[in-house]
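Student: My structure is in input20.txt, and what it holds is compact mmCIF, C-alpha atoms:
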# COMPACT_ATOMS: atom_id res chain seq x y z
CA MET A 1 -24.85 47.27 47.91
CA PRO A 2 -25.26 51.00 47.26
CA ASP A 3 -27.42 53.31 49.34
CA THR A 4 -30.81 53.57 47.60
CA TYR A 5 -33.16 56.53 48.04
CA ASP A 6 -36.85 56.61 47.11
CA LEU A 7 -37.28 60.06 45.60
CA SER A 8 -41.06 59.93 46.03
CA ASP A 9 -40.46 60.23 49.79
CA SER A 10 -39.62 63.86 50.67
CA ALA A 11 -37.24 62.90 53.47
CA GLN A 12 -35.39 60.38 51.30
CA LEU A 13 -35.38 62.85 48.42
CA LEU A 14 -33.41 65.44 50.39
CA ALA A 15 -31.02 62.85 51.78
CA GLY A 16 -30.58 61.12 48.43
CA MET A 17 -29.81 64.28 46.50
CA ARG A 18 -27.29 65.33 49.15
CA GLN A 19 -25.60 61.93 49.14
CA ALA A 20 -25.52 61.87 45.33
CA ARG A 21 -23.80 65.25 45.19
CA GLN A 22 -21.25 64.18 47.77
CA ALA A 23 -20.58 60.85 46.03
CA ILE A 24 -19.97 62.57 42.70
CA GLY A 25 -17.67 65.04 44.43
CA ARG A 26 -15.65 62.08 45.75
CA GLY A 27 -15.30 60.61 42.26
CA GLU A 28 -17.85 57.83 42.85
CA LEU A 29 -20.68 56.64 40.62
CA VAL A 30 -24.40 57.34 41.04
CA ILE A 31 -27.42 55.78 39.31
CA VAL A 32 -29.77 58.56 38.19
CA PRO A 33 -33.12 58.71 36.36
CA THR A 34 -33.58 60.39 32.99
CA ASP A 35 -36.76 60.80 30.98
CA THR A 36 -35.91 57.71 28.88
CA VAL A 37 -33.82 55.23 30.92
CA TYR A 38 -31.71 55.09 34.08
CA GLY A 39 -28.11 56.17 33.71
CA VAL A 40 -24.88 55.79 35.66
CA ALA A 41 -23.26 59.16 36.34
CA ALA A 42 -19.74 60.38 37.09
CA ASP A 43 -17.97 63.72 37.33
CA ALA A 44 -17.20 64.58 33.70
CA PHE A 45 -14.02 66.40 34.75
CA SER A 46 -12.59 63.47 36.75
CA ALA A 47 -10.69 61.10 34.47
CA ALA A 48 -10.60 58.48 37.25
CA ALA A 49 -14.38 58.68 37.73
CA VAL A 50 -15.02 58.37 33.99
CA ALA A 51 -12.69 55.35 33.83
CA LYS A 52 -14.65 53.83 36.71
CA LEU A 53 -17.90 54.38 34.80
CA LEU A 54 -16.57 52.67 31.69
CA SER A 55 -15.26 49.76 33.75
CA ALA A 56 -18.64 49.34 35.48
CA LYS A 57 -20.31 48.96 32.09
CA GLY A 58 -17.67 46.66 30.65
CA ARG A 59 -16.51 49.24 28.14
CA ASP A 60 -13.15 50.88 27.37
CA ARG A 61 -11.84 54.24 26.18
CA THR A 62 -13.08 53.60 22.66
CA SER A 63 -16.66 54.06 23.96
CA PRO A 64 -16.63 57.48 25.64
CA PRO A 65 -19.84 58.39 27.50
CA PRO A 66 -22.15 61.27 26.66
CA VAL A 67 -22.33 64.28 28.97
CA LEU A 68 -25.59 65.39 30.57
CA ILE A 69 -26.00 69.12 31.16
CA ALA A 70 -28.60 71.26 32.88
CA ASN A 71 -29.14 73.99 30.28
CA ARG A 72 -28.07 75.59 27.00
CA ALA A 73 -25.53 77.78 28.81
CA MET A 74 -23.57 74.64 29.76
CA ALA A 75 -23.70 73.48 26.14
CA THR A 76 -22.26 76.80 24.98
CA ALA A 77 -19.47 76.50 27.54
CA LEU A 78 -18.55 72.97 26.44
CA ALA A 79 -19.10 73.08 22.68
CA GLU A 80 -16.85 74.85 20.23
CA HIS A 81 -19.89 75.59 18.08
CA LEU A 82 -23.61 74.72 17.96
CA PRO A 83 -24.70 74.67 14.30
CA GLU A 84 -27.71 76.86 13.53
CA SER A 85 -29.31 73.89 11.77
CA LEU A 86 -29.81 72.36 15.24
CA ASP A 87 -31.86 75.27 16.56
CA PRO A 88 -35.33 73.88 15.71
CA LEU A 89 -34.44 70.54 17.32
CA LEU A 90 -32.99 72.11 20.43
CA GLU A 91 -36.00 74.38 20.85
CA MET A 92 -38.38 71.42 20.75
CA HIS A 93 -36.38 68.59 22.33
CA TRP A 94 -33.99 70.14 24.84
CA PRO A 95 -34.77 69.09 27.50
CA GLY A 96 -35.74 65.76 25.96
CA PRO A 97 -34.57 62.56 24.26
CA LEU A 98 -32.01 64.24 22.00
CA THR A 99 -28.22 63.84 22.18
CA ILE A 100 -26.03 65.93 19.88
CA ILE A 101 -22.41 65.27 19.01
CA VAL A 102 -20.42 68.49 18.55
CA ARG A 103 -16.82 69.61 18.58
CA ALA A 104 -15.65 70.14 22.18
CA ARG A 105 -13.70 73.21 23.24
CA PRO A 106 -10.00 72.25 23.14
CA SER A 107 -9.38 74.09 26.40
CA LEU A 108 -11.57 71.74 28.47
CA GLY A 109 -9.60 69.91 31.14
CA TRP A 110 -11.25 66.52 30.90
CA ASP A 111 -10.65 63.03 29.57
CA LEU A 112 -13.79 61.19 28.47
CA GLY A 113 -11.89 58.63 26.42
CA ASP A 114 -11.13 58.48 22.70
CA THR A 115 -13.49 61.25 21.58
CA ASN A 116 -11.56 62.60 18.59
CA GLY A 117 -12.23 66.06 19.92
CA THR A 118 -16.01 65.68 20.15
CA VAL A 119 -18.55 65.48 22.96
CA ALA A 120 -22.09 64.09 23.02
CA LEU A 121 -24.39 66.46 24.93
CA ARG A 122 -27.93 66.04 26.24
CA ILE A 123 -30.31 67.97 28.52
CA PRO A 124 -32.53 65.29 30.10
CA ALA A 125 -36.20 66.03 30.74
CA HIS A 126 -36.22 64.82 34.33
CA PRO A 127 -36.61 67.54 36.99
CA LEU A 128 -34.63 65.79 39.73
CA THR A 129 -31.67 64.99 37.51
CA ALA A 130 -31.82 68.54 36.15
CA GLU A 131 -31.63 69.80 39.74
CA LEU A 132 -28.65 67.55 40.42
CA LEU A 133 -26.89 68.82 37.28
CA GLU A 134 -27.41 72.42 38.37
CA ASP A 135 -25.43 71.58 41.52
CA THR A 136 -22.74 69.29 40.12
CA GLY A 137 -22.19 70.71 36.66
CA PRO A 138 -21.75 68.42 33.62
CA LEU A 139 -21.90 64.69 34.33
CA ALA A 140 -20.62 61.85 32.19
CA VAL A 141 -23.66 59.57 32.03
CA SER A 142 -24.29 56.35 30.13
CA SER A 143 -27.23 53.97 30.32
CA ALA A 144 -27.02 51.94 33.55
CA ASN A 145 -26.69 48.53 31.93
CA LEU A 146 -23.93 46.08 31.24
CA HIS A 147 -22.68 45.99 27.67
CA GLY A 148 -25.14 44.04 25.52
CA MET A 149 -28.04 44.24 27.99
CA PRO A 150 -31.17 46.40 27.56
CA ALA A 151 -31.07 49.85 29.13
CA PRO A 152 -33.16 49.79 32.34
CA HIS A 153 -36.43 51.63 33.02
CA THR A 154 -36.26 51.00 36.79
CA ALA A 155 -33.65 51.74 39.43
CA GLY A 156 -33.86 48.19 40.72
CA ARG A 157 -32.94 46.71 37.37
CA ALA A 158 -30.09 49.18 36.99
CA ALA A 159 -28.75 48.35 40.45
CA GLY A 160 -29.07 44.64 39.67
CA MET A 161 -26.64 45.02 36.78
CA ILE A 162 -24.07 47.53 38.03
CA GLY A 163 -25.00 48.22 41.65
CA GLY A 164 -21.73 46.81 42.93
CA ALA A 165 -19.83 49.64 41.26
CA VAL A 166 -21.96 52.57 42.44
CA ALA A 167 -22.25 54.45 45.72
CA VAL A 168 -25.79 55.84 45.47
CA VAL A 169 -29.00 54.91 43.64
CA LEU A 170 -31.67 57.57 43.08
CA ASP A 171 -34.97 55.74 42.56
CA ALA A 172 -37.62 57.83 40.81
CA GLY A 173 -39.84 54.92 39.85
CA GLU A 174 -40.30 53.72 36.29
CA VAL A 175 -39.07 56.08 33.59
CA GLY A 176 -39.53 56.20 29.83
CA GLU A 177 -43.31 56.19 29.88
CA GLY A 178 -44.80 57.95 26.89
CA TYR A 179 -41.84 57.22 24.62
CA GLU A 180 -42.03 54.67 21.81
CA PRO A 181 -38.78 52.70 21.39
CA HIS A 182 -37.24 52.39 17.96
CA GLU A 183 -36.99 48.63 17.48
CA LYS A 184 -35.14 47.70 20.72
CA GLN A 185 -33.52 51.10 21.29
CA ASN A 186 -35.25 52.93 24.15
CA GLY A 187 -32.69 55.67 24.71
CA SER A 188 -32.24 59.12 23.24
CA THR A 189 -31.72 59.71 19.52
CA ILE A 190 -28.14 60.75 18.77
CA ILE A 191 -27.29 63.21 16.01
CA ASP A 192 -23.78 63.99 14.83
CA ALA A 193 -23.49 67.74 14.31
CA SER A 194 -19.68 67.82 14.28
CA ARG A 195 -19.14 67.57 10.52
CA ASP A 196 -17.15 70.27 8.77
CA ASP A 197 -19.83 70.59 6.07
CA GLY A 198 -22.48 71.46 8.66
CA LEU A 199 -24.75 68.56 7.75
CA LEU A 200 -26.45 66.49 10.45
CA ARG A 201 -26.36 62.71 10.63
CA ILE A 202 -28.51 60.40 12.74
CA VAL A 203 -25.99 58.17 14.47
CA ARG A 204 -28.51 56.24 16.51
CA GLN A 205 -32.27 56.17 16.13
CA GLY A 206 -33.83 56.28 19.58
CA VAL A 207 -37.24 57.37 20.81
CA LEU A 208 -37.10 60.65 18.85
CA ASN A 209 -38.03 59.44 15.38
CA GLU A 210 -36.44 60.38 12.06
CA GLU A 211 -39.66 61.78 10.63
CA THR A 212 -39.88 64.34 13.44
CA ILE A 213 -36.24 65.30 12.93
CA ARG A 214 -36.72 65.79 9.19
CA GLU A 215 -39.81 67.91 9.76
CA LEU A 216 -37.84 70.22 12.03
CA VAL A 217 -34.51 70.57 10.21
CA GLY A 218 -35.48 69.75 6.60
CA ASP A 219 -34.22 66.99 4.33
CA GLU A 220 -31.40 69.16 3.02
CA ALA A 221 -29.81 69.37 6.50
CA LEU A 222 -29.49 65.59 6.92
CA THR A 223 -27.01 63.22 5.33
CA VAL A 224 -26.73 59.45 5.25
CA ASP A 225 -22.97 59.59 4.62
CA ALA A 226 -20.74 57.83 7.15
CA PRO A 227 -18.93 60.24 9.50
CA GLU A 228 -15.25 60.88 8.90
CA ALA A 229 -14.32 59.83 12.44
CA GLU A 230 -15.83 57.82 15.24
CA ALA A 231 -17.90 59.93 17.63
CA PRO A 232 -18.86 59.26 21.25
CA VAL A 233 -22.36 57.91 21.75
CA GLU A 234 -24.41 56.38 24.48
CA GLU A 235 -24.47 52.59 24.39
CA ALA A 236 -27.23 50.81 22.49
CA PRO A 237 -28.33 47.26 23.31
CA VAL A 238 -27.21 44.51 20.95
CA GLU A 239 -28.30 40.94 20.35
CA GLU A 240 -25.99 37.98 20.04
CA PRO A 241 -26.52 35.95 16.81
CA PRO A 242 -27.91 32.41 17.23
CA ALA A 243 -25.27 29.73 17.53
CA GLU A 244 -24.79 27.33 14.59
CA GLU A 245 -22.66 24.21 14.45
CA THR A 246 -21.06 24.94 11.08
CA PRO A 247 -21.87 28.46 10.04
CA ALA A 248 -20.84 29.43 6.54
CA GLU A 249 -20.40 33.00 7.65
CA GLU A 250 -20.72 34.81 10.96
CA PRO A 251 -23.71 37.20 10.79
CA PRO A 252 -22.75 40.77 11.67
CA VAL A 253 -23.61 42.19 15.09
CA GLU A 254 -24.55 45.84 14.86
CA GLU A 255 -23.47 48.08 17.69
CA ALA A 256 -24.15 51.78 18.02
CA PRO A 257 -21.01 53.97 17.87
CA ALA A 258 -21.66 56.50 23.39
CA LYS A 259 -23.23 58.17 24.68
CA ASP A 260 -28.75 60.56 25.23
CA ASP A 261 -29.26 61.57 26.04
Can you dump the structure from the file as structure tokens?
Tutor:
Amino acid sequence: MPDTYDLSDSAQLLAGMRQARQAIGRGELVIVPTDTVYGVAADAFSAAAVAKLLSAKGRDRTSPPPVLIANRAMATALAEHLPESLDPLLEMHWPGPLTIIVRARPSLGWDLGDTNGTVALRIPAHPLTAELLEDTGPLAVSSANLHGMPAPHTAGRAAGMIGGAVAVVLDAGEVGEGYEPHEKQNGSTIIDASRDDGLLRIVRQGVLNEETIRELVGDEALTVDAPEAEAPVEEAPVEEPPAEETPAEEPPVEEAPAKDD
């Protein structure tokens, strides 16, 4: 089992943050809190660590993880361009439950999977994870659940699902309080801002609701058109359809496209 640190205890907090930094530096995985759910983190610039993260979640390269960052300066360093239409959203919800998909700088020496040249960025509104990100730099982080399972609000539940694959667990108590899930999605809302036409598209509706987004960016900035290419997003929980003895047709299972936020 991984080493678990109670961040409400000052002594464990110092030890836990130190061990988390060292584990990430060694290419290992760490369970971290965000403002919405617990995530599993890896060095975004270590292809082996990212592959380990995907394996821990039961995913492959077709589901690249989002990248958590500490501030807007990191976003500018990683993104080729941040559309001006995003400014009202970023001002209000960074840090917060907002993940944006943008074109990544081609010069970046990383391998997050099959991203089609994009990256999903989020600044989480959790002070301890923000402090960790200031020290480590960008981290590939996806919700700390197995594929198809709900994203966890507690470190214990996260460790119960993927603890065997991680080195350190940072336990900050229950997270996500104050956020209203959208249906069964309790993670960040993901917006694709990588389109050539500059329009924004809600890829996954999370705890940041569509009405709020429209109020900030305006109806004319949003589109319901399907994106031209798959974009990396954080995993959303799915439900298996009920079994039938002689189904006339298999009902579709909807799955969000990783990937926050």
Student: Name the closest residue to A:Val30 among the candidates A:Ala165, A:Ala130, A:Leu14, A:Leu98; distances are taken between atoms, counting only C-alpha atoms.
Tutor: A:Ala165
Student: Rounded to one decimal place, report the atom CA of A:Asp35-atom CA of A:Gln205 distance in Å.
Tutor: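 Rounded to one decimal, the two atoms are 16.2 Å apart.
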Student: Quick one: of A:Gly58, A:Gly113, A:Pro106, A:Gly27, who's nearest to A:Ala77, counting only C-alpha atoms?
Tutor: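 For A:Ala77, the nearest of the given residues is A:Pro106.
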Student: If the box runs along x, y and z of the file and leaves 3 Å on each side of stretch 73-78 of chain A, what are its centre and edge lengths in Å, one decimal, as lines of an AutoDock Vina configuration file?
Tutor:
center_x = -22.0
center_y = 75.4
center_z = 27.4
size_x = 13.0
size_y = 10.8
size_z = 10.8
Student: Using all atoms listed in the file, I'd like a table of the residues in stretch 166-224 of chain A that come within 7 Å of stretch 82-86 of chain A; for each, show the closest atom pair and its distance in Å rounded to one decimal, ordered by chain and ascending number, as CSV.
Tutor:
residue,atom,partner,partner_atom,distance
A:Gly198,CA,A:Pro83,CA,6.9
A:Val217,CA,A:Ser85,CA,6.4
A:Ala221,CA,A:Ser85,CA,7.0
Student: Just the residues within 9 Å of stretch 7-9 of chain A, please, counting only C-alpha atoms, with nothing from its chain fewer than 4 positions along; format it as a list of chain:residue names.
Tutor: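 Contacts, with the query itself left out: A:Leu13, A:Leu14, A:Gly16, A:Met17, A:Leu128, A:Leu170, A:Asp171, A:Ala172, A:Gly173.
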Student: Fewer than 3 positions away in the same chain doesn't count, so skip those; otherwise give me all residues within 12 Å of A:Val40, counting only C-alpha atoms, as a VMD selection string.
Tutor: chain A and resid 20 24 28 to 34 37 43 to 44 49 to 50 52 to 57 65 to 68 129 139 to 146 151 to 152 155 158 to 159 161 to 170 234 to 235 259
Student: So which residues touch A:Ile69 within 7 Å, counting all atoms listed in the file, skipping near sequence neighbours fewer than 5 positions away, as a list in words?
Tutor: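 The residues that qualify are Met74, Leu121, Arg122, Ile123, Leu133, Gly137, Pro138 and Leu139 of chain A.
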Student: Which protein, DNA or RNA residues are at most 6 Å from (-40.0, 58.8, 19.5) in the file's coordinates when you count only C-alpha atoms, listed as an mmCIF file with C-alpha atoms, in the coordinates of the input?
Tutor:
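Just written: part-v8.cif:
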data_model
loop_
_atom_site.group_PDB
_atom_site.id
_atom_site.type_symbol
_atom_site.label_atom_id
_atom_site.label_comp_id
_atom_site.auth_asym_id
_atom_site.auth_seq_id
_atom_site.Cartn_x
_atom_site.Cartn_y
_atom_site.Cartn_z
ATOM 1 C CA TYR A 179 -41.840 57.220 24.620
ATOM 2 C CA GLU A 180 -42.030 54.670 21.810
ATOM 3 C CA VAL A 207 -37.240 57.370 20.810
ATOM 4 C CA LEU A 208 -37.100 60.650 18.850
ATOM 5 C CA ASN A 209 -38.030 59.440 15.380
#
Student: Record the distance separating atom CA of A:Thr189 and atom CA of A:Gly96, expressed in Å with one decimal.
Tutor: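 Those two atoms sit 9.7 Å apart.
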Student: Excluding A:Arg105 and its own-chain neighbours fewer than 5 positions away, which residues fall within 7 Å of it when counting all atoms listed in the file? Please give them as a list of chain:residue names.
Tutor: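 Non-adjacent residues within range: A:Leu78, A:Ala79, A:Glu80.
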Student: Which residues are close to A:Val102, i.e. within 6 Å by all atoms listed in the file, leaving aside same-chain residues fewer than 4 positions away? Reply as JSON, numbers by chain.
Tutor: {"A": [118, 119, 193, 194]}
Student: For the selection just defined, write its residues with C-alpha atoms to a file, as a PDB file, keeping the file's coordinate frame.
Tutor:
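again_8.pdb, written as the output of this step:
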ATOM      1  CA  THR A 118     -16.010  65.680  20.150  1.00  0.00           C
ATOM      2  CA  VAL A 119     -18.550  65.480  22.960  1.00  0.00           C
ATOM      3  CA  ALA A 193     -23.490  67.740  14.310  1.00  0.00           C
ATOM      4  CA  SER A 194     -19.680  67.820  14.280  1.00  0.00           C
TER       5      SER A 194
END
Student: Enter the distance from atom CA of A:His153 to atom CA of A:Gly187, in Å, rounded to one decimal.
Tutor: 10.0 Å
Student: When you count all atoms listed in the file, which of these residues is closest to A:Val175: A:Gln19, A:Ser107, A:Ser63, A:Thr154?
Tutor: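 Result for the nearest residue to A:Val175: A:Thr154.
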Student: For a cutoff of 8 Å around the file-coordinate point (-24.7, 65.9, 4.2), which residues qualify once you count all atoms listed in the file? I'd like the result as JSON, numbers by chain.
Tutor: {"A": [197, 198, 199, 200, 201, 220, 221, 222, 223, 224, 225]}
Student: Hey, which of A:Leu90, A:Gln185, A:Pro64, A:Ala42 ends up closest to A:Gly117? Count all atoms listed in the file.
Tutor: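 Once distances to A:Gly117 are computed over all atoms listed in the file, the minimum belongs to A:Pro64.
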Student: Calculated over all atoms listed in the file, which of the candidates A:Glu174, A:Asp196, A:Asp60, A:Asp3 has the smallest distance to A:His81?
Tutor: A:Asp196
